[in-house]
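Take a look at the structure below.
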Amino acid sequence: MVLLPWPKQVQEGNGNYVLGFDAMIVMEPSCPEGAAAYARMLKEEIISATGIGIPAVRGHAGKGDIRLCVDEACQECGYCLDIREDGVSLCGGSLAALGQGVQTLRQLFRQYAGLLPVLHIVDEPDFKVRGFFHDVTRGRVQTLPNLKKMVDTMVFYKLNQLQLYIEHTYLFRGMTELWRDETPLTAEEIMELDAYCMERGVELVPCLASFGHLYKLLGTRTYAELCELRGSVGQEFSFWDRMGHHTLNAVDERSVGLVMGMIGEFMQLFHSDKFNICADETFDLGTDRSRAAAAEKGRDVLYAEFVCKLFDFLIENGKIPMFWGDIICESPELLKKFPPQVLCLAWGYSETEQDTQVRILHGAGTKLYVCPGTRGWNHFVNQMEESYENIKRMCAYGRKYHALGVLNTDWGDYGHVGHPDFSVPGMIYGAVFSWGESDFSFDEMNRMISVLAFGDASGEFAGCLAKVSRLSVFGWAEAVIFKEWSQKGKPTQGIIEDLRAAGAERFRQAGERAEELTREFSVVCRSMDKGKRRILACAKLSLRIVAAWNKVGEQLLARTGCGEAAQEEPRAKDALAGQQGISAGILLAQELEQCLFYYKEFWRENSKEGDLLKVSDVFFWYADMLRDTEGTPCTKVCGK
């Protein structure tokens with residue numbers, strides 16, 4: 001039996017419930033209006049699993065029916081599920097709890113079809129808020145249908161809050177210079193998604209960068225004067241700089257007015273009573289235009305004064321402010337100046353993450369969420385084992401320090417190059433560990449995820465997927481940094497040294513393991529539901545891309561003469577190259593371009609154009625470099 005998250009109490013009995021053609025899903029009079037949405041979910045699951053289309057009605061259940069009810073005698077967040085030979089009874093302490101129980105029942109039907117085992121389940125979550133935070137700014141802007149698909153996945157695993165991170169990918173009125181070369185989300189799309197979430201028991205919380213990380217906004221001619229650093233207009237795009245710079249000048253009153261205007265427009269689209277202003281990683285604060293004020297007051301005070309103005313504005317408009325706690329954690333005494341309603345988001349993404357930030361913020365008396373991560377950023381396939389360990393740790397810290405919720409993050413640094421479905425295992429890790437403490441090992445949980453989320457009867461797919469990122473030697477982040485630093489004349493020798501330290505043997509082993517893993521994916525395909533095999537094809541392509549970038553790393557070493565790979569022709573030169581006289585560099589350039597061609601197909605199946613062109617430019621830069629017979633930027637670094 002696979003249930004994710006695993007319930008608090010499960011008692012198995014003897015016998016089975018056999019679904020009959022005359023059975024009904026019956027919402028008893030205690031069910032509020034919203035119960036109909038959950039009844040429809042269950043009906044659709046039963047049709048898919050059994051082929052039997054039973055009706056969902058209101059009334060009183062009879063023998064053989066599936067009974068849904070709400071009873072305040074149950075815990076508000078808890079539900080009780082009884083599966084007997086003569087019928088099924090599901091009772092929740094609230095509408096939301098009823099919905100959680102329906103997901104358990106759906107998971108059972110997905111596995112057992114119309115022959116359910118006799119069971120008694122009593123269940124409730126550890127954290128009332130169990131959220132997912134998804135970046136729709138730094139590369140990939142998913143289409144509305146795919147965002148709805150993401151919500152459906154969240155619901156299936158009992159997650160109940162969603163935040164979409166936005167800097168410049170919303171179509172603000174009158175701010176055409178901000179989004180003129182983007183494919184932003186529109187007000188209608190946000191409102192439709194908000195309604196979709198509400199019907200399914202998910203709170204869509206507005207989230208807007210409001211202090212730091214305003215690369216596009218502060219690079220416009222209209223708003224450049226509000227940037228802390230001078231000279232922000234007209235700079236060539238950089239994935240690296242987008243992460244590190246472009247903070248508002250906190251002492252310019254126009255800055256807070258601009259942000260309030262954007263927040264005021266954006267908040268109208270949501271039913272949520274919360275608003276996340278982010279306000280994280282304000283690296284440039286006090287370094288240029290506000291330098292004098294920072295010297296007088298201190299950077300921490302400038303930060304606190306600015307965000308407090310935004311907090312007050314939100315509270316006046318009936319919203320509970322949320323913000324990331326990384327900056328204020330350095331001066332926790334300033335939290336006493338913040339309104340008591342404020343929710344602080346304590347993030348930490350390492351597999352060995354310590355409780356430092358959570359402990360400091362808790363000690364300062366703030367209300368907080370703990371925020372781990374799916375570890376998909378900068379990778380074509382998520383670092384799944386690191387994500388598992390990180391999420392498990394952070395949820396444990398949340399319990400220890402009495403956090404109000406868990407918000408599992410799915411950032412998109414450097415273009416959000418990974419397929420959205422590759423974050424599903426990380427999403428499920430978050431769902432499992434925020435619901436309750438779990439003893440499932442990494443391998444066992446991946447087996448369960450393979451069966452339940454990817455329709456793989458062998459239970460191997462997620463485990464194979466986890467192996468892909470382990471093979472990366474010269475990864476996407478290194479490729480982006482090497483390109484952008486070379487173009488800016490910044491030293492890249494550190495990257496070359498890291499490749500040399502990795503050694504030729506690691507490149508060789510990664511290449512051989514990639515070939516083996518390609519075959520493993522092909523074997524898994526035989527046991528996978530036909531409707532799920534497209535993501536397996538994307539996994540195989542992603543593996544091929546990882547292997548191609550490793551070969552680029554080998555080429556960089558060979559062309560600089562900095563590593564063992566320089567002593568022989570790079571392995572990228574295969575039989576075809578030898579027969580046709582094609583150089584290893586040209587052959588690898590063709591491989592990058594072919595991989596990109598297929599990659600674009602997968603991107604466009606679920607996302608708007610977003611930063612696809614900027615991602616493509618990285619591939620093109622290396623392809624052009626590999627064809628260059630006059631030398632490369634890295635030869636200049638090494639002085640060759």
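In the structure tokens, chains take the letters A, B, ... in the order shown, each chain's residues start at 1, and ligands count up from 1 in the order shown.
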
Quiz prompt | Spatial neighbours of Arg173 (chain A), max dist 10 Å, only C-alpha atoms, sep filter under 6 positions, as a list of chain:residue names | solution =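 Everything that qualifies: A:Ala187, A:Met262, A:Glu265.
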
Quiz item: Skipping near chain neighbours, those fewer than 6 positions away, what residues fall within 12 Å of Gly531 (chain A) using only C-alpha atoms, listed as a PyMOL selection string?
Solution: chain A and resi 453-456+525+537

Practice problem: Return as an MDAnalysis selection string the full set of residues in region 312-536 of chain A whose backbone-based DSSP assignment is alpha helix (DSSP H). | Solution: chainID A and resid 312:316 356:363 384:400 424:435 442:454 461:468 476:488 493:502 504:525 533:536

Could you save the residues just selected, with C-alpha atoms, as a compact mmCIF listing (two decimals), in the first residue's frame?
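Final file, again.txt:
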```
# COMPACT_ATOMS: atom_id res chain seq x y z
CA ASP A 312 1.85 49.12 7.49
CA PHE A 313 0.44 49.59 3.99
CA LEU A 314 -0.56 45.93 3.76
CA ILE A 315 -2.12 45.86 7.22
CA GLU A 316 -4.12 48.97 6.42
CA THR A 356 20.56 28.79 13.13
CA GLN A 357 18.15 31.07 11.29
CA VAL A 358 15.03 29.30 12.57
CA ARG A 359 16.35 29.37 16.13
CA ILE A 360 17.25 33.08 16.00
CA LEU A 361 13.91 34.11 14.56
CA HIS A 362 11.98 31.93 16.98
CA GLY A 363 14.00 33.37 19.86
CA MET A 384 16.75 14.93 -5.27
CA GLU A 385 18.71 13.32 -2.45
CA GLU A 386 19.95 16.70 -1.24
CA SER A 387 16.37 17.99 -1.41
CA TYR A 388 15.07 15.03 0.59
CA GLU A 389 17.62 15.59 3.36
CA ASN A 390 17.08 19.35 3.40
CA ILE A 391 13.28 19.15 3.60
CA LYS A 392 13.39 16.48 6.29
CA ARG A 393 15.72 18.66 8.42
CA MET A 394 13.82 21.90 7.97
CA CYS A 395 10.48 20.31 8.82
CA ALA A 396 12.04 18.89 11.98
CA TYR A 397 13.25 22.39 12.89
CA GLY A 398 9.74 23.66 12.24
CA ARG A 399 8.35 21.21 14.79
CA LYS A 400 11.07 22.02 17.30
CA VAL A 424 7.29 16.81 -8.25
CA PRO A 425 9.37 14.42 -6.08
CA GLY A 426 10.65 17.41 -4.08
CA MET A 427 7.10 18.71 -3.80
CA ILE A 428 6.03 15.33 -2.41
CA TYR A 429 8.95 15.20 0.05
CA GLY A 430 7.64 18.51 1.36
CA ALA A 431 4.10 17.19 1.56
CA VAL A 432 5.19 14.07 3.45
CA PHE A 433 7.50 15.71 5.99
CA SER A 434 5.19 18.67 6.66
CA TRP A 435 2.24 16.33 7.28
CA PHE A 442 15.06 8.16 0.39
CA ASP A 443 14.95 5.04 -1.78
CA GLU A 444 11.65 3.82 -0.35
CA MET A 445 9.96 7.18 -0.79
CA ASN A 446 11.16 7.35 -4.39
CA ARG A 447 9.73 3.90 -5.00
CA MET A 448 6.36 5.07 -3.69
CA ILE A 449 6.54 8.28 -5.73
CA SER A 450 7.33 6.27 -8.86
CA VAL A 451 4.20 4.20 -8.40
CA LEU A 452 1.79 6.93 -7.32
CA ALA A 453 2.97 10.03 -9.19
CA PHE A 454 4.51 8.57 -12.35
CA PHE A 461 11.64 5.85 -12.25
CA ALA A 462 12.20 8.39 -9.44
CA GLY A 463 15.29 6.52 -8.30
CA CYS A 464 16.72 6.67 -11.81
CA LEU A 465 15.84 10.35 -12.04
CA ALA A 466 17.76 11.03 -8.82
CA LYS A 467 20.94 9.65 -10.41
CA VAL A 468 21.03 12.21 -13.24
CA TRP A 476 24.65 24.50 -16.04
CA ALA A 477 25.61 26.99 -13.33
CA GLU A 478 29.31 26.65 -14.19
CA ALA A 479 28.52 26.99 -17.90
CA VAL A 480 26.55 30.20 -17.32
CA ILE A 481 29.14 31.73 -15.01
CA PHE A 482 32.06 30.86 -17.30
CA LYS A 483 30.30 32.43 -20.28
CA GLU A 484 29.22 35.62 -18.52
CA TRP A 485 32.48 36.17 -16.67
CA SER A 486 34.45 35.60 -19.87
CA GLN A 487 32.34 38.21 -21.63
CA LYS A 488 32.93 40.67 -18.80
CA GLN A 493 40.47 30.29 -13.72
CA GLY A 494 38.63 29.00 -10.63
CA ILE A 495 36.18 27.07 -12.82
CA ILE A 496 39.01 25.55 -14.82
CA GLU A 497 40.78 24.57 -11.62
CA ASP A 498 37.61 22.88 -10.35
CA LEU A 499 37.39 20.88 -13.57
CA ARG A 500 41.03 19.88 -13.27
CA ALA A 501 40.44 18.81 -9.66
CA ALA A 502 37.53 16.65 -10.78
CA ALA A 504 39.72 12.88 -16.24
CA GLU A 505 38.61 9.73 -14.43
CA ARG A 506 35.47 11.38 -13.12
CA PHE A 507 34.56 12.57 -16.61
CA ARG A 508 35.11 9.05 -17.92
CA GLN A 509 32.99 7.45 -15.19
CA ALA A 510 30.19 9.99 -15.65
CA GLY A 511 30.13 9.26 -19.38
CA GLU A 512 29.92 5.52 -18.86
CA ARG A 513 27.28 5.87 -16.15
CA ALA A 514 25.19 8.13 -18.41
CA GLU A 515 25.12 5.41 -21.06
CA GLU A 516 24.05 2.82 -18.47
CA LEU A 517 21.37 5.12 -17.07
CA THR A 518 19.97 5.73 -20.54
CA ARG A 519 19.40 2.00 -20.81
CA GLU A 520 17.84 1.90 -17.32
CA PHE A 521 15.33 4.55 -18.35
CA SER A 522 14.46 2.50 -21.43
CA VAL A 523 13.76 -0.55 -19.27
CA VAL A 524 11.59 1.51 -16.89
CA CYS A 525 9.55 2.72 -19.86
CA ARG A 533 6.02 8.26 -20.70
CA ARG A 534 6.54 11.76 -22.08
CA ILE A 535 8.28 12.81 -18.86
CA LEU A 536 10.52 9.77 -19.11
```

Practice problem: Write out as a ChimeraX atom specification all residues of region 52-222 of chain A that DSSP puts in strand (DSSP E) for this structure's backbone. | Solution: /A:56-58,66-70,79-84,87-92,115-123,129-135,161-165,203-205

Self-check item: Near-Gln163 (chain A) list (7 Å; only C-alpha atoms; drop same-chain fewer than 6 positions) as a PyMOL selection string
Solution: chain A and resi 132-134+204-207

Dump as a short mmCIF file (atom, residue, chain, number, x, y, z; two decimals), in the first residue's frame, selection limited to C-alpha atoms:
```
data_model
loop_
_atom_site.label_atom_id
_atom_site.label_comp_id
_atom_site.auth_asym_id
_atom_site.auth_seq_id
_atom_site.Cartn_x
_atom_site.Cartn_y
_atom_site.Cartn_z
CA PHE A 132 4.68 25.14 -2.32
CA PHE A 133 6.56 28.17 -3.62
CA HIS A 134 7.18 28.25 -7.36
CA LEU A 204 -2.99 31.29 -3.61
CA VAL A 205 -0.88 33.91 -1.81
CA PRO A 206 0.38 36.90 -3.83
CA CYS A 207 4.15 37.17 -3.86
#
```

Self-check item: Non-local contacts of Gly87 (chain A) (8 Å; only C-alpha atoms; under 5 positions in same chain excluded) as a PyMOL selection string
Solution: chain A and resi 17+63-67

Would you output that residue set with C-alpha atoms, as a tab-separated table (two decimals), in the first residue's frame?
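Output (again20.tsv):
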```tsv
chain	number	residue	atom	x	y	z
A	17	TYR	CA	-14.97	-3.33	-0.35
A	63	LYS	CA	-25.35	0.04	1.67
A	64	GLY	CA	-22.41	-0.01	-0.73
A	65	ASP	CA	-22.19	3.79	-0.98
A	66	ILE	CA	-19.27	6.10	-0.33
A	67	ARG	CA	-20.42	8.47	2.41
```

Quiz item: From the list A:Ala539, A:Gly131, A:Gly261, A:Gly59, which residue is nearest Gly418 (chain A) when using only C-alpha atoms?
Solution: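 Checking each of A:Ala539, A:Gly131, A:Gly261, A:Gly59 against Gly418 (chain A), counting only C-alpha atoms, the winner is A:Ala539.
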
Quiz item: Which is closest to Phe602 (chain A) among A:Phe172, A:Pro420, A:Leu42, A:Glu225, if we use only C-alpha atoms?
Solution: A:Pro420

Quiz item: Quick one, how far is CA of Gly219 (chain A) from CA of Glu281 (chain A)?
Solution: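 So the answer is 17.6 Å.
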
Exercise. Find the residue from A:Val2, A:Met625, A:Leu613, A:Ile277 that sits nearest to Leu556 (chain A); use only C-alpha atoms when measuring.
Key: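 Nearest candidate to Leu556 (chain A) out of A:Val2, A:Met625, A:Leu613, A:Ile277: A:Met625.
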
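Among the candidates A:Ala623, A:Gln594, A:Lys600, A:Leu208, the one nearest to Gln555 (chain A) when counting only C-alpha atoms is A:Ala623.
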
Quiz prompt | 10 Å contact set for Met24 (chain A), only C-alpha atoms, chain neighbours under 3 positions out, as a PyMOL selection string | solution = chain A and resi 19-21+27+43+53-58+61-67

Quiz item: Hey, can you check how far CA of Phe323 (chain A) sits from CA of Leu185 (chain A)?
Solution: 22.2 Å
